[in-house]
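Undergrad: Sharing query-v1.cif (mmCIF, C-alpha atoms) below.
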```
data_work
loop_
_atom_site.label_atom_id
_atom_site.label_comp_id
_atom_site.auth_asym_id
_atom_site.auth_seq_id
_atom_site.Cartn_x
_atom_site.Cartn_y
_atom_site.Cartn_z
CA GLN A 391 -102.09 69.38 -42.60
CA LYS A 392 -102.60 72.91 -41.26
CA ALA A 393 -98.97 73.77 -42.03
CA LEU A 394 -99.40 72.54 -45.61
CA VAL A 395 -102.44 74.78 -46.12
CA HIS A 396 -100.47 77.70 -44.67
CA PHE A 397 -97.51 76.99 -46.96
CA LYS A 398 -99.72 76.77 -50.06
CA TRP A 399 -101.30 80.11 -49.08
CA CYS A 400 -97.80 81.63 -48.83
CA CYS A 401 -97.04 80.41 -52.37
CA HIS A 402 -100.25 82.08 -53.55
CA LEU A 403 -99.13 85.34 -51.92
CA TYR A 404 -95.65 85.04 -53.46
CA ARG A 405 -97.22 84.75 -56.91
CA GLU A 406 -99.34 87.85 -56.20
CA GLN A 407 -96.20 89.69 -55.08
CA MET A 408 -94.46 88.84 -58.35
CA GLU A 409 -97.48 89.84 -60.45
CA ARG A 410 -97.49 93.31 -58.92
CA GLY A 411 -93.73 93.75 -59.28
CA ALA A 412 -92.92 93.21 -55.60
CA TYR A 413 -90.38 90.85 -54.06
CA PHE A 414 -90.29 88.06 -51.52
CA LEU A 415 -87.88 85.74 -49.80
CA HIS A 416 -88.70 82.28 -48.51
CA GLY A 417 -86.38 80.09 -46.45
CA LEU A 418 -86.81 76.43 -45.49
CA PRO A 419 -84.50 73.60 -44.49
CA ALA A 420 -82.81 72.46 -47.69
CA ALA A 421 -84.15 68.90 -47.37
CA ALA A 422 -87.77 69.88 -46.58
CA ALA A 423 -90.33 67.89 -48.56
CA SER A 424 -92.24 71.09 -49.32
CA TRP A 425 -89.63 72.06 -51.95
CA LYS A 426 -91.25 69.38 -54.13
CA LEU A 427 -94.82 70.69 -53.82
CA PRO A 428 -96.41 71.70 -57.15
CA GLU A 429 -96.96 75.24 -55.82
CA VAL A 430 -93.23 75.61 -55.20
CA THR A 431 -92.00 73.91 -58.36
CA SER A 432 -94.31 76.10 -60.48
CA LEU A 433 -92.97 79.22 -58.75
CA LEU A 434 -89.40 78.12 -59.31
CA ALA A 435 -90.19 77.61 -63.01
CA CYS A 436 -90.84 81.37 -63.39
CA SER A 437 -88.03 83.19 -65.15
CA SER A 438 -87.60 85.76 -62.37
CA MET A 439 -87.24 83.12 -59.66
CA GLY A 440 -84.16 81.60 -58.14
CA ARG A 441 -83.15 79.27 -55.35
CA VAL A 442 -79.89 78.82 -53.49
CA THR A 443 -78.88 76.39 -50.80
CA ALA A 444 -76.63 77.70 -48.09
CA ASP A 445 -75.16 76.62 -44.78
CA GLN A 446 -76.19 78.92 -41.97
CA CYS A 447 -72.86 78.46 -40.18
CA GLN A 448 -71.37 80.69 -42.87
CA LEU A 449 -73.68 83.49 -41.76
CA GLY A 450 -73.20 83.33 -38.02
CA GLN A 451 -75.61 80.60 -36.93
CA GLU A 452 -74.29 79.17 -33.67
CA THR A 453 -75.23 77.69 -30.33
CA ASP A 454 -75.23 79.74 -27.13
CA GLU A 455 -71.75 78.30 -26.54
CA GLY A 456 -70.50 79.62 -29.89
CA ASP A 457 -70.38 76.31 -31.77
CA PRO A 458 -71.38 76.74 -35.43
CA ILE A 459 -74.67 75.23 -36.61
CA LYS A 460 -74.43 74.15 -40.24
CA LYS A 461 -78.20 73.88 -40.96
CA PRO A 462 -78.39 73.66 -44.78
CA THR A 463 -81.16 76.04 -45.81
CA GLY A 464 -82.89 76.61 -49.12
CA TRP A 465 -83.76 80.18 -50.04
CA MET A 466 -86.21 81.07 -52.80
CA SER A 467 -86.76 84.60 -54.09
CA ASN A 468 -87.44 86.68 -57.16
CA SER A 469 -84.49 88.90 -56.20
CA SER A 470 -81.18 87.48 -57.38
CA ASP A 471 -79.39 90.18 -55.36
CA ILE A 472 -80.79 88.81 -52.09
CA LEU A 473 -80.06 85.21 -53.07
CA GLU A 474 -76.49 86.14 -53.96
CA GLN A 475 -75.93 87.28 -50.37
CA LEU A 476 -77.35 84.06 -48.89
CA GLY A 477 -75.60 81.42 -50.97
CA ALA A 478 -72.55 80.68 -48.80
CA LYS A 479 -71.65 76.99 -48.46
CA CYS A 480 -69.44 75.52 -45.75
CA GLN A 481 -66.18 74.17 -47.16
CA GLY A 482 -65.11 72.51 -43.92
CA ARG A 483 -64.24 68.83 -43.71
CA ASN A 484 -64.79 66.15 -41.07
CA GLY A 485 -67.49 68.16 -39.30
CA VAL A 486 -65.35 71.28 -38.88
CA CYS A 487 -66.80 74.62 -39.97
CA SER A 488 -64.82 76.54 -42.59
CA ALA A 489 -65.97 79.89 -41.16
CA THR A 490 -64.91 79.29 -37.55
CA GLY A 491 -62.59 76.27 -37.53
CA ARG A 492 -64.75 74.77 -34.80
CA PRO A 493 -66.77 71.53 -34.99
CA HIS A 494 -70.40 71.91 -36.07
CA ALA A 495 -73.04 71.38 -33.40
CA ILE A 496 -75.63 68.69 -34.12
CA CYS A 497 -78.78 70.48 -35.32
CA SER A 498 -81.50 68.74 -33.32
CA GLY A 499 -83.58 69.40 -30.22
CA THR A 500 -82.76 72.70 -28.53
CA THR A 501 -80.04 73.45 -31.07
CA ALA A 502 -82.54 73.12 -33.93
CA LYS A 503 -84.99 75.35 -32.09
CA ARG A 504 -82.24 77.96 -31.62
CA ALA A 505 -81.37 77.73 -35.33
CA ALA A 506 -84.94 78.71 -36.21
CA GLU A 507 -83.97 82.26 -35.19
CA TYR A 508 -81.81 84.02 -37.74
CA PRO A 509 -78.63 85.59 -36.39
CA PHE A 510 -77.73 89.19 -37.16
CA ALA A 511 -75.44 88.17 -40.05
CA ILE A 512 -78.30 86.47 -41.93
CA CYS A 513 -80.56 89.49 -41.43
CA LYS A 514 -77.74 91.78 -42.55
CA ALA A 515 -77.14 89.66 -45.68
CA ILE A 516 -80.84 89.85 -46.57
CA LEU A 517 -80.87 93.64 -46.13
CA LYS A 518 -77.62 94.04 -48.07
CA GLY A 519 -79.12 92.07 -50.96
CA LEU A 520 -82.31 94.09 -50.84
CA HIS A 521 -80.33 97.33 -50.82
CA ARG A 522 -78.32 96.21 -53.86
CA HIS A 523 -81.54 95.21 -55.60
CA LEU A 524 -83.17 98.57 -54.88
CA GLN A 525 -80.08 100.39 -56.16
CA ARG A 526 -80.02 98.29 -59.33
CA VAL A 527 -83.66 99.03 -60.15
CA GLY A 528 -83.36 102.73 -59.27
CA ARG A 529 -85.50 102.66 -56.15
CA THR A 530 -82.88 104.17 -53.81
CA GLY A 531 -79.71 106.16 -54.13
CA SER A 532 -76.58 107.34 -52.40
CA GLY A 533 -77.34 109.08 -49.11
CA LEU A 534 -81.00 108.02 -49.14
CA ASN A 535 -82.53 106.13 -46.25
CA CYS A 536 -85.80 105.40 -48.01
CA VAL A 537 -87.30 103.45 -50.87
CA LEU A 538 -88.46 105.55 -53.80
CA PRO A 539 -91.77 104.74 -55.51
CA SER A 540 -91.49 102.70 -58.67
CA GLY A 541 -91.58 104.61 -61.95
CA ASP A 542 -94.97 103.16 -62.90
CA SER A 543 -96.80 104.43 -59.78
#
```
So that I can check it, write out the structure of this file as C-alpha coordinates.
TA:
Amino acid sequence: QKALVHFKWCCHLYREQMERGAYFLHGLPAAAASWKLPEVTSLLACSSMGRVTADQCQLGQETDEGDPIKKPTGWMSNSSDILEQLGAKCQGRNGVCSATGRPHAICSGTTAKRAAEYPFAICKAILKGLHRHLQRVGRTGSGLNCVLPSGDS
(Lines of atoms letter the chains of each structure in order from A and count residues from 1; the text may use other names and numbers.)
(Lines give C-alpha, C1' and ligand atoms only; values in the text may rest on other atoms or scores of the structure.)
Protein backbone atom coordinates (compact mmCIF):
# COMPACT_ATOMS: atom_id res chain seq x y z
CA GLN A 1 0.00 0.00 0.00
CA LYS A 2 2.84 2.40 0.85
CA ALA A 3 4.50 1.67 -2.50
CA LEU A 4 1.24 2.46 -4.32
CA VAL A 5 0.96 5.84 -2.58
CA HIS A 6 4.60 6.55 -3.49
CA PHE A 7 4.00 5.59 -7.12
CA LYS A 8 0.89 7.78 -7.38
CA TRP A 9 2.90 10.68 -5.93
CA CYS A 10 5.57 10.10 -8.61
CA CYS A 11 2.88 10.31 -11.31
CA HIS A 12 1.74 13.62 -9.80
CA LEU A 13 5.33 14.91 -9.98
CA TYR A 14 5.69 13.70 -13.58
CA ARG A 15 2.60 15.70 -14.55
CA GLU A 16 4.05 18.78 -12.83
CA GLN A 17 7.32 18.25 -14.71
CA MET A 18 5.46 18.17 -18.02
CA GLU A 19 3.40 21.25 -17.18
CA ARG A 20 6.55 23.29 -16.58
CA GLY A 21 8.26 22.01 -19.73
CA ALA A 22 10.64 19.64 -17.94
CA TYR A 23 11.29 15.97 -18.63
CA PHE A 24 11.21 12.69 -16.77
CA LEU A 25 11.93 9.02 -17.25
CA HIS A 26 10.23 6.19 -15.42
CA GLY A 27 11.21 2.53 -15.63
CA LEU A 28 9.35 -0.50 -14.28
CA PRO A 29 9.25 -4.21 -15.08
CA ALA A 30 7.23 -4.52 -18.29
CA ALA A 31 4.61 -6.77 -16.66
CA ALA A 32 4.12 -4.65 -13.51
CA ALA A 33 0.47 -4.13 -12.60
CA SER A 34 1.14 -0.44 -11.98
CA TRP A 35 1.22 0.20 -15.76
CA LYS A 36 -2.58 -0.17 -15.61
CA LEU A 37 -3.15 2.38 -12.84
CA PRO A 38 -5.35 5.34 -13.86
CA GLU A 39 -2.54 7.76 -13.00
CA VAL A 40 -0.24 6.03 -15.48
CA THR A 41 -2.79 5.49 -18.25
CA SER A 42 -3.81 9.17 -18.08
CA LEU A 43 -0.15 10.21 -18.34
CA LEU A 44 0.39 7.92 -21.30
CA ALA A 45 -2.64 9.48 -23.00
CA CYS A 46 -0.83 12.85 -23.16
CA SER A 47 0.43 13.69 -26.64
CA SER A 48 4.01 14.28 -25.48
CA MET A 49 4.25 10.92 -23.73
CA GLY A 50 5.65 7.64 -24.94
CA ARG A 51 6.43 4.17 -23.67
CA VAL A 52 8.79 1.50 -24.92
CA THR A 53 9.44 -2.00 -23.70
CA ALA A 54 13.00 -3.20 -23.84
CA ASP A 55 15.10 -6.14 -22.73
CA GLN A 56 17.88 -5.08 -20.41
CA CYS A 57 20.22 -7.77 -21.76
CA GLN A 58 20.56 -5.60 -24.86
CA LEU A 59 21.99 -2.82 -22.70
CA GLY A 60 24.51 -4.77 -20.66
CA GLN A 61 22.42 -6.21 -17.83
CA GLU A 62 24.21 -9.33 -16.59
CA THR A 63 25.00 -11.46 -13.58
CA ASP A 64 28.34 -11.24 -11.78
CA GLU A 65 29.36 -14.25 -13.89
CA GLY A 66 28.60 -12.38 -17.13
CA ASP A 67 25.37 -14.19 -18.05
CA PRO A 68 22.85 -11.82 -19.66
CA ILE A 69 19.68 -10.94 -17.74
CA LYS A 70 16.79 -10.33 -20.12
CA LYS A 71 14.49 -8.46 -17.67
CA PRO A 72 11.81 -6.91 -19.93
CA THR A 73 11.41 -3.34 -18.75
CA GLY A 74 8.88 -0.66 -19.60
CA TRP A 75 10.13 2.90 -19.92
CA MET A 76 7.83 5.92 -19.91
CA SER A 77 8.97 9.45 -20.71
CA ASN A 78 8.00 12.68 -22.38
CA SER A 79 11.31 12.60 -24.27
CA SER A 80 11.14 10.45 -27.38
CA ASP A 81 14.91 10.83 -27.76
CA ILE A 82 15.53 9.04 -24.46
CA LEU A 83 12.98 6.34 -25.23
CA GLU A 84 14.58 5.76 -28.63
CA GLN A 85 17.84 4.84 -26.89
CA LEU A 86 16.15 2.39 -24.51
CA GLY A 87 13.93 0.41 -26.87
CA ALA A 88 16.22 -2.52 -27.73
CA LYS A 89 14.53 -5.94 -27.79
CA CYS A 90 16.33 -9.27 -27.59
CA GLN A 91 16.03 -11.24 -30.82
CA GLY A 92 17.55 -14.42 -29.39
CA ARG A 93 15.77 -17.76 -29.50
CA ASN A 94 15.54 -20.69 -27.10
CA GLY A 95 16.74 -18.62 -24.14
CA VAL A 96 19.90 -17.40 -25.85
CA CYS A 97 20.65 -13.67 -25.81
CA SER A 98 21.05 -12.00 -29.21
CA ALA A 99 23.55 -9.49 -27.79
CA THR A 100 25.96 -11.99 -26.23
CA GLY A 101 25.12 -15.42 -27.65
CA ARG A 102 24.97 -16.73 -24.09
CA PRO A 103 21.93 -18.21 -22.32
CA HIS A 104 19.85 -15.74 -20.28
CA ALA A 105 20.06 -16.05 -16.51
CA ILE A 106 16.76 -16.60 -14.69
CA CYS A 107 15.71 -13.22 -13.26
CA SER A 108 14.70 -14.15 -9.71
CA GLY A 109 16.18 -13.98 -6.23
CA THR A 110 19.69 -12.54 -6.14
CA THR A 111 19.74 -12.15 -9.92
CA ALA A 112 16.58 -10.01 -9.80
CA LYS A 113 18.07 -7.93 -7.00
CA ARG A 114 21.23 -7.40 -9.10
CA ALA A 115 19.09 -6.41 -12.10
CA ALA A 116 17.55 -3.59 -10.05
CA GLU A 117 20.86 -1.74 -10.53
CA TYR A 118 21.28 -0.31 -14.00
CA PRO A 119 24.55 -1.17 -15.74
CA PHE A 120 26.71 1.52 -17.31
CA ALA A 121 25.23 0.88 -20.79
CA ILE A 122 21.69 1.72 -19.62
CA CYS A 123 22.90 4.90 -17.92
CA LYS A 124 24.87 5.82 -21.03
CA ALA A 125 21.80 5.24 -23.25
CA ILE A 126 19.70 7.51 -21.02
CA LEU A 127 22.34 10.26 -21.14
CA LYS A 128 22.79 9.87 -24.90
CA GLY A 129 19.04 10.29 -25.38
CA LEU A 130 18.96 13.30 -23.09
CA HIS A 131 21.88 14.86 -24.95
CA ARG A 132 20.13 14.34 -28.29
CA HIS A 133 16.96 15.83 -26.84
CA LEU A 134 18.79 18.89 -25.51
CA GLN A 135 20.48 19.39 -28.89
CA ARG A 136 17.16 19.09 -30.72
CA VAL A 137 15.48 21.73 -28.55
CA GLY A 138 18.49 24.07 -28.63
CA ARG A 139 19.50 23.68 -25.00
CA THR A 140 23.11 22.62 -25.68
CA GLY A 141 25.57 22.80 -28.52
CA SER A 142 28.80 21.50 -29.94
CA GLY A 143 31.66 21.79 -27.46
CA LEU A 144 29.35 22.71 -24.56
CA ASN A 145 29.34 20.74 -21.34
CA CYS A 146 26.31 22.46 -19.89
CA VAL A 147 22.58 22.89 -20.35
CA LEU A 148 21.50 26.31 -21.57
CA PRO A 149 18.43 27.96 -20.05
CA SER A 150 15.24 27.61 -22.05
CA GLY A 151 14.30 30.53 -24.28
CA ASP A 152 11.28 31.41 -22.14
CA SER A 153 13.26 31.91 -18.89
Undergrad: Here's the selection I'm unsure about, the PyMOL selection byres ((chain A and resi 512-514) around 12); applied to the file above, which residues does it give, as JSON, numbers by chain?
TA: {"A": [415, 417, 444, 445, 446, 447, 448, 449, 450, 451, 452, 463, 465, 472, 473, 475, 476, 477, 478, 505, 506, 507, 508, 509, 510, 511, 515, 516, 517, 518, 519, 520, 521]}
Undergrad: Pick the closest to Val395 of chain A from A:Arg441, A:Ser469, A:Glu429, A:Arg410: which is it, counting only C-alpha atoms?
TA: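 Of the candidates, the smallest distance to Val395 of chain A is held by A:Glu429.
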Undergrad: Figure out the distance between atom CA of Phe397 of chain A and atom CA of Arg504 of chain A, please, to one decimal in Å.
TA: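 Taking atom CA of Arg504 of chain A and atom CA of Phe397 of chain A, their separation equals 21.7 Å.
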Undergrad: Please compute the atom CA of Lys460 of chain A-atom CA of Arg483 of chain A distance, one decimal, in Å.
TA: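 Between atom CA of Lys460 of chain A and atom CA of Arg483 of chain A the gap is 12.0 Å.
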Undergrad: Counting all atoms listed in the file, figure out which residue out of A:Cys487, A:Cys480, A:Leu394, A:Cys436 gets nearest to Ser467 of chain A.
TA: A:Cys436
Undergrad: Between A:Thr453, A:Ser424, A:Asn484, A:Ser438, which residue has the minimum interatomic distance to Asn468 of chain A, considering all atoms listed in the file?
TA: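 Among A:Thr453, A:Ser424, A:Asn484, A:Ser438, it is A:Ser438 that comes nearest to Asn468 of chain A.
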Undergrad: Around all listed atoms of segment 419-423 of chain A, padded 4 Å per side, what centre and edge lengths does the axis-aligned box have in Å to one decimal, as lines of an AutoDock Vina configuration file?
TA:
```
center_x = -86.6
center_y = 70.7
center_z = -46.5
size_x = 15.5
size_y = 13.7
size_z = 12.1
```
Undergrad: Between A:Gly440, A:Ser532, A:Met466, A:Pro458, which one has atoms that come closest to Ala489 of chain A, using only C-alpha atoms?
TA: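 That would be A:Pro458, the residue with the smallest distance to Ala489 of chain A.
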